[in-house]
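Participant: Below you'll find work.cif; it's mmCIF, C-alpha atoms.
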data_run
loop_
_atom_site.label_atom_id
_atom_site.label_comp_id
_atom_site.auth_asym_id
_atom_site.auth_seq_id
_atom_site.Cartn_x
_atom_site.Cartn_y
_atom_site.Cartn_z
CA MET A 1 71.45 34.96 -5.15
CA ALA A 2 73.26 32.37 -3.10
CA LYS A 3 72.38 32.10 0.55
CA ARG A 4 74.86 33.63 2.95
CA LYS A 5 76.53 31.17 5.19
CA ARG A 6 77.49 31.67 8.78
CA GLU A 7 81.17 31.46 9.72
CA ASP A 8 80.69 27.95 11.09
CA GLY A 9 79.44 26.76 7.70
CA ILE A 10 75.77 26.33 8.62
CA SER A 11 73.24 28.14 6.42
CA SER A 12 70.38 30.19 7.82
CA ALA A 13 67.98 27.55 6.50
CA ASP A 14 69.65 25.03 8.82
CA THR A 15 69.02 27.14 11.93
CA LYS A 16 65.27 26.51 12.06
CA SER A 17 63.97 25.47 15.43
CA PRO A 18 62.72 21.89 15.92
CA ILE A 19 59.19 23.21 16.45
CA SER A 20 59.23 25.04 13.08
CA GLU A 21 60.36 21.87 11.34
CA THR A 22 57.62 19.94 13.10
CA TYR A 23 54.92 22.33 11.91
CA GLU A 24 56.22 22.05 8.33
CA ARG A 25 56.07 18.28 8.45
CA MET A 26 52.57 18.36 9.97
CA ALA A 27 51.38 20.64 7.18
CA LYS A 28 52.30 17.91 4.66
CA HIS A 29 50.23 15.26 6.38
CA ARG A 30 46.47 15.56 6.54
CA SER A 31 46.36 12.79 9.11
CA CYS A 32 48.32 14.85 11.63
CA TRP A 33 45.86 17.70 11.22
CA ILE A 34 43.14 15.25 12.14
CA HIS A 35 45.16 14.25 15.19
CA MET A 36 45.26 17.89 16.23
CA LEU A 37 41.46 18.05 16.04
CA ALA A 38 41.20 14.85 18.06
CA HIS A 39 43.50 16.33 20.68
CA MET A 40 41.40 19.50 20.86
CA TYR A 41 38.21 17.43 21.11
CA ALA A 42 39.64 15.33 23.94
CA ARG A 43 40.62 18.45 25.88
CA GLY A 44 37.16 19.99 25.62
CA LYS A 45 37.86 22.47 22.79
CA LYS A 46 35.02 23.42 20.40
CA ILE A 47 35.16 22.03 16.83
CA THR A 48 32.75 22.24 13.90
CA LYS A 49 30.34 19.49 12.87
CA GLN A 50 32.37 18.83 9.72
CA GLU A 51 35.53 18.43 11.75
CA ALA A 52 33.75 16.10 14.14
CA GLU A 53 32.49 13.98 11.24
CA GLU A 54 36.02 13.68 9.85
CA LEU A 55 37.21 12.51 13.23
CA ARG A 56 34.60 9.73 13.33
CA SER A 57 35.51 8.37 9.87
CA PHE A 58 39.28 8.83 10.20
CA LYS A 59 41.68 5.91 10.65
CA LEU A 60 45.28 6.28 11.67
CA THR A 61 47.49 5.97 8.59
CA SER A 62 50.63 7.96 9.38
CA GLN A 63 52.89 9.20 12.14
CA CYS A 64 51.48 11.52 14.78
CA TYR A 65 53.48 14.49 16.06
CA LEU A 66 51.27 15.49 18.98
CA GLY A 67 53.99 14.55 21.40
CA THR A 68 55.89 17.69 20.45
CA PHE A 69 53.20 20.00 21.86
CA PRO A 70 54.01 21.44 25.34
CA CYS A 71 50.81 20.28 27.08
CA SER A 72 52.31 18.17 29.88
CA ALA A 73 53.19 21.13 32.10
CA ARG A 74 49.55 22.10 32.48
CA SER A 75 48.57 18.52 33.28
CA LYS A 76 51.19 18.34 36.02
CA ARG A 77 49.92 21.58 37.53
CA ARG A 78 46.37 20.25 37.52
CA ILE A 79 47.42 16.99 39.14
CA LYS A 80 49.41 18.87 41.77
CA ARG A 81 46.43 21.12 42.51
CA LYS A 82 44.10 18.12 42.75
CA LYS A 83 46.42 16.40 45.24
CA ALA A 84 46.56 19.59 47.31
CA ILE A 85 42.75 19.76 47.42
CA VAL A 86 42.48 16.09 48.46
CA LYS A 87 45.09 16.65 51.19
CA GLU A 88 43.18 19.69 52.46
CA ILE A 89 39.93 17.70 52.62
CA ARG A 90 41.64 14.88 54.53
CA GLU A 91 43.10 17.33 57.03
CA LYS A 92 39.61 18.70 57.65
CA ILE A 93 38.25 15.19 58.17
CA LYS A 94 41.05 14.12 60.49
CA LEU A 95 40.56 15.21 64.11
CA ASP A 96 43.25 16.03 66.62
CA SER A 97 42.52 15.85 70.36
CA GLY A 98 41.76 19.58 70.61
CA ALA A 99 39.19 19.52 67.82
CA PHE A 100 37.68 16.32 69.22
CA ASP A 101 37.22 17.90 72.67
CA CYS A 102 35.61 20.96 71.12
CA TYR A 103 33.04 18.90 69.18
CA PHE A 104 32.42 16.58 72.11
CA GLU A 105 31.81 19.38 74.62
CA HIS A 106 29.29 20.95 72.27
CA MET A 107 27.52 17.61 71.84
CA TRP A 108 27.59 16.90 75.57
CA ARG A 109 25.90 20.21 76.40
CA ASN A 110 23.06 19.28 74.06
CA PHE A 111 22.31 15.99 75.81
CA SER A 112 19.45 16.09 78.27
CA GLU A 113 20.13 16.67 81.96
CA ASP A 114 18.67 13.25 82.67
CA LYS A 115 21.28 11.56 80.44
CA ARG A 116 24.16 13.49 81.97
CA THR A 117 23.24 12.42 85.52
CA PHE A 118 23.98 8.72 84.99
CA ILE A 119 26.68 9.02 82.27
CA THR A 120 30.16 10.44 82.63
CA TYR A 121 33.24 10.52 80.41
CA PHE A 122 37.04 10.58 80.42
CA ASP A 123 39.30 12.96 78.58
CA CYS A 124 40.36 11.49 75.23
CA LEU A 125 44.06 11.55 76.22
CA TRP A 126 43.77 9.79 79.59
CA PHE A 127 44.03 6.24 78.32
CA ASN A 128 47.11 7.00 76.23
CA LEU A 129 48.71 8.88 79.13
CA TYR A 130 47.96 5.97 81.47
CA THR A 131 50.17 3.71 79.34
CA LYS A 132 53.13 5.98 80.14
CA ALA A 133 54.60 5.22 83.57
CA SER A 134 55.27 8.87 84.42
CA PHE A 135 51.58 9.79 84.04
CA LYS A 136 49.83 6.69 85.39
CA GLY A 137 49.37 8.00 88.95
CA LYS A 138 48.07 11.37 87.77
CA VAL A 139 45.53 9.77 85.44
CA LEU A 140 44.17 7.51 88.19
CA THR A 141 43.83 10.57 90.46
CA TRP A 142 41.85 12.43 87.78
CA ILE A 143 39.60 9.39 87.26
CA LYS A 144 38.90 9.12 91.00
CA LYS A 145 37.27 12.55 90.89
CA LYS A 146 34.81 11.28 88.28
CA GLN A 147 33.19 8.82 90.75
CA ILE A 148 32.61 6.33 87.97
CA PHE A 149 31.25 3.57 90.26
CA SER A 150 28.18 5.70 90.94
CA LYS A 151 27.48 6.05 87.20
CA LYS A 152 25.75 3.61 84.89
CA TYR A 153 27.93 4.37 81.88
CA VAL A 154 31.41 5.81 81.36
CA LEU A 155 32.50 6.99 77.91
CA VAL A 156 36.23 6.50 77.30
CA PRO A 157 37.42 7.90 73.95
CA ILE A 158 40.75 6.30 73.07
CA VAL A 159 43.35 7.70 70.70
CA HIS A 160 46.16 5.17 70.58
CA TRP A 161 48.66 4.42 67.81
CA SER A 162 47.16 7.39 65.89
CA HIS A 163 43.75 5.68 65.78
CA TRP A 164 40.49 6.53 67.55
CA SER A 165 38.11 4.06 69.16
CA LEU A 166 35.47 4.22 71.88
CA LEU A 167 35.45 2.20 75.11
CA ILE A 168 32.27 2.21 77.21
CA PHE A 169 32.12 0.94 80.80
CA CYS A 170 28.67 -0.34 81.75
CA HIS A 171 27.61 -0.79 85.41
CA LEU A 172 31.13 -1.15 86.79
CA GLY A 173 29.79 -0.38 90.26
CA GLU A 174 27.51 -3.44 90.25
CA SER A 175 28.27 -7.01 91.27
CA LEU A 176 29.34 -9.51 88.62
CA GLN A 177 26.56 -11.78 89.91
CA SER A 178 23.90 -9.19 89.09
CA LYS A 179 21.34 -10.39 86.54
CA LEU A 180 19.81 -6.97 85.88
CA ARG A 181 22.93 -4.77 85.74
CA THR A 182 25.85 -6.99 84.79
CA PRO A 183 29.17 -5.13 84.51
CA CYS A 184 30.58 -5.23 81.00
CA MET A 185 32.67 -3.21 78.55
CA LEU A 186 32.00 -2.24 74.93
CA LEU A 187 34.74 -1.45 72.45
CA LEU A 188 33.52 0.32 69.31
CA ASP A 189 35.98 0.58 66.44
CA SER A 190 35.37 1.93 62.93
CA LEU A 191 38.34 -0.05 61.60
CA GLU A 192 37.60 -3.62 62.57
CA LYS A 193 40.32 -5.02 60.31
CA ALA A 194 42.90 -3.27 62.52
CA GLY A 195 42.09 -5.78 65.28
CA PRO A 196 40.58 -3.77 68.17
CA ARG A 197 41.02 -6.68 70.61
CA CYS A 198 44.75 -6.03 70.64
CA LEU A 199 43.89 -3.31 73.19
CA GLU A 200 42.30 -5.79 75.59
CA PRO A 201 45.37 -6.42 77.81
CA ASP A 202 45.90 -2.68 78.33
CA ILE A 203 42.18 -2.12 78.93
CA ARG A 204 41.94 -4.82 81.61
CA LYS A 205 45.07 -3.53 83.34
CA PHE A 206 43.56 -0.03 83.18
CA VAL A 207 40.32 -1.22 84.79
CA LEU A 208 42.16 -3.20 87.48
CA ASP A 209 44.19 -0.14 88.48
CA ILE A 210 41.02 1.96 88.61
CA TYR A 211 39.45 -0.56 91.01
CA LYS A 212 42.58 -0.61 93.16
CA SER A 213 42.82 3.19 93.31
CA GLU A 214 39.24 3.29 94.58
CA GLY A 215 40.04 0.74 97.29
CA ARG A 216 37.63 -1.85 95.97
CA ALA A 217 37.93 -5.56 96.73
CA GLU A 218 37.81 -6.89 93.14
CA ASN A 219 41.01 -8.69 92.15
CA LYS A 220 42.61 -9.49 88.82
CA GLU A 221 40.68 -12.75 88.46
CA LEU A 222 37.32 -11.01 88.85
CA ILE A 223 38.32 -8.21 86.46
CA SER A 224 39.22 -10.80 83.82
CA LYS A 225 35.62 -12.07 83.97
CA ILE A 226 34.10 -8.73 83.00
CA PRO A 227 32.94 -9.24 79.39
CA LEU A 228 34.61 -7.11 76.73
CA LEU A 229 32.19 -6.92 73.81
CA VAL A 230 33.20 -5.75 70.32
CA PRO A 231 29.95 -5.21 68.41
CA LYS A 232 29.70 -4.65 64.66
CA VAL A 233 29.36 -0.93 64.01
CA PRO A 234 29.45 1.32 60.91
CA GLN A 235 32.93 1.26 59.39
CA GLN A 236 34.97 4.13 58.02
CA ARG A 237 35.58 4.33 54.27
CA GLY A 238 38.74 6.42 54.34
CA GLY A 239 41.87 6.44 56.43
CA GLU A 240 41.31 9.62 58.45
CA GLU A 241 37.70 9.38 59.67
CA CYS A 242 38.03 7.37 62.90
CA GLY A 243 37.70 10.40 65.20
CA ASN A 244 34.46 11.44 63.53
CA TYR A 245 33.06 7.95 63.92
CA VAL A 246 33.83 7.95 67.66
CA LEU A 247 31.77 11.14 68.00
CA TYR A 248 29.02 9.45 66.01
CA TYR A 249 29.09 6.37 68.27
CA ILE A 250 28.91 8.55 71.39
CA ASN A 251 25.88 10.41 70.12
CA LEU A 252 24.22 7.17 69.03
CA PHE A 253 24.84 5.46 72.36
CA VAL A 254 23.81 8.34 74.63
CA GLN A 255 20.62 9.04 72.69
CA GLY A 256 19.47 5.45 73.12
CA ALA A 257 21.11 4.54 76.42
CA PRO A 258 18.68 2.47 78.53
CA GLU A 259 18.46 2.62 82.29
CA ASN A 260 19.94 -0.87 82.47
CA PHE A 261 22.23 -2.25 79.77
CA CYS A 262 21.41 -5.78 78.66
CA MET A 263 23.91 -7.97 76.79
CA ASP A 264 21.16 -10.13 75.31
CA ASP A 265 19.97 -7.63 72.68
CA TYR A 266 23.06 -5.49 72.18
CA PRO A 267 24.04 -3.55 70.19
CA TYR A 268 20.55 -2.01 70.34
CA PHE A 269 22.01 1.44 69.66
CA VAL A 270 23.38 0.36 66.25
CA SER A 271 20.38 -1.56 64.92
CA SER A 272 18.56 1.56 63.74
CA CYS A 273 21.58 3.59 62.59
CA ARG A 274 22.11 4.78 59.04
CA CYS A 275 25.29 4.59 57.01
CA ILE A 276 27.11 7.90 57.22
CA VAL A 277 29.69 9.55 54.98
CA PHE A 278 31.78 12.42 56.26
CA PRO A 279 32.57 15.14 53.69
#
Now, as a test, write the supplied structure out as structure tokens.

Facilitator:
Amino acid sequence: MAKRKREDGISSADTKSPISETYERMAKHRSCWIHMLAHMYARGKKITKQEAEELRSFKLTSQCYLGTFPCSARSKRRIKRKKAIVKEIREKIKLDSGAFDCYFEHMWRNFSEDKRTFITYFDCLWFNLYTKASFKGKVLTWIKKKQIFSKKYVLVPIVHWSHWSLLIFCHLGESLQSKLRTPCMLLLDSLEKAGPRCLEPDIRKFVLDIYKSEGRAENKELISKIPLLVPKVPQQRGGEECGNYVLYYINLFVQGAPENFCMDDYPYFVSSCRCIVFP
């Protein structure tokens, strides 16, 4: 019996889907069957010992039709999910100012009373706000209440240009001629290649305005002689960990802070530290 033809002149045999034709061609080629096994093996599917042995001894001799299998959609979903997980982890690692303050306050309460009597700190946003003309006067007023010239050390967390670093004032209330307690500043940065010294002009202007607001006699020339030290410290491995490292530096410094800071053997607080990796 002759095959019935559709009105457009195409027989029913011609209406097979491309996938059906592909399977028919694959059935004629043993090599393509081996490719299927190799594909299953690569994707973690179980195969028999005999099938595995055939894979080891097989050499490509004919065309492979694996490209017709719809496996790419799953791969894209997996990649998308993996990127989402990585993004979530980075968001957890990255600290905003609110989270930073929360962690810092908890850490500060756990320091001994003795440490807290000769160390004080600034809010992490004060330095950034100081650089804005509309907030400069308010920031200097807030700092005045801290009485920093009666403290040995002042911790100044800085978040500027979306990057965290730690500035530490040492013995600012002492004379520059002092041999035992020489005023100096430390700038600790977990991303040294970013060039932390680019902050130096703003830092010196910040310090000069603090002196002026307190009515002290030091002028710009004397402020320029206060050493700004940038010691080598543990460096971050990712792009979002700088806030965590600032917390780490604070803890490291306060735990080992001496009664009198000496520039001869600094950074003493880093010499015994271990390399850290944040999850």

Participant: Here's the selection I'm unsure about, the PyMOL selection byres ((chain A and resi 141) around 12); applied to the file above, which residues does it give, as a list in words?

Facilitator: Trp126, Tyr130, Phe135, Lys136, Gly137, Lys138, Val139, Leu140, Trp142, Ile143, Lys144, Lys145, Lys146, Gln147, Asp209, Ile210, Tyr211, Lys212, Ser213 and Glu214 of chain A

Participant: Pull out every residue that the PyMOL selection byres ((chain A and resi 97) around 9) matches in the shown coordinates and put them as a list in words.

Facilitator: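 So the PyMOL selection byres ((chain A and resi 97) around 9), applied here, picks out Leu95, Asp96, Gly98, Ala99, Phe100, Asp101, Cys102, Cys124, Leu125, Val159 and Gly243 of chain A.
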
Participant: When distances are computed from all atoms listed in the file, which of A:Arg216, A:Lys225, A:His163, A:Lys205 shows the smallest separation from Cys242 (chain A)?

Facilitator: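 That would be A:His163, the residue with the smallest distance to Cys242 (chain A).
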
Participant: Just how far from CA of Phe111 (chain A) is CA of Pro227 (chain A), in Å to one decimal?

Facilitator: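 So the answer is 27.6 Å.
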
Participant: Given the file shown, enumerate the residues that the PyMOL selection byres ((chain A and resi 187-191) around 7) captures and present them as a list in words.

Facilitator: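 With the shown file as input, the PyMOL selection byres ((chain A and resi 187-191) around 7) matches Ser165, Leu166, Leu167, Ile168, Met185, Leu186, Glu192, Lys193, Ala194, Pro196, Leu229, Val230, Pro231, Val233, Pro234, Gln235, Gln236, Cys242 and Tyr245 of chain A.
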
Participant: For the atom pair CA of Ile119 (chain A) and CA of Val246 (chain A), what is the interatomic distance in Å to one decimal place?

Facilitator: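 Between these atoms lies a distance of 16.3 Å.
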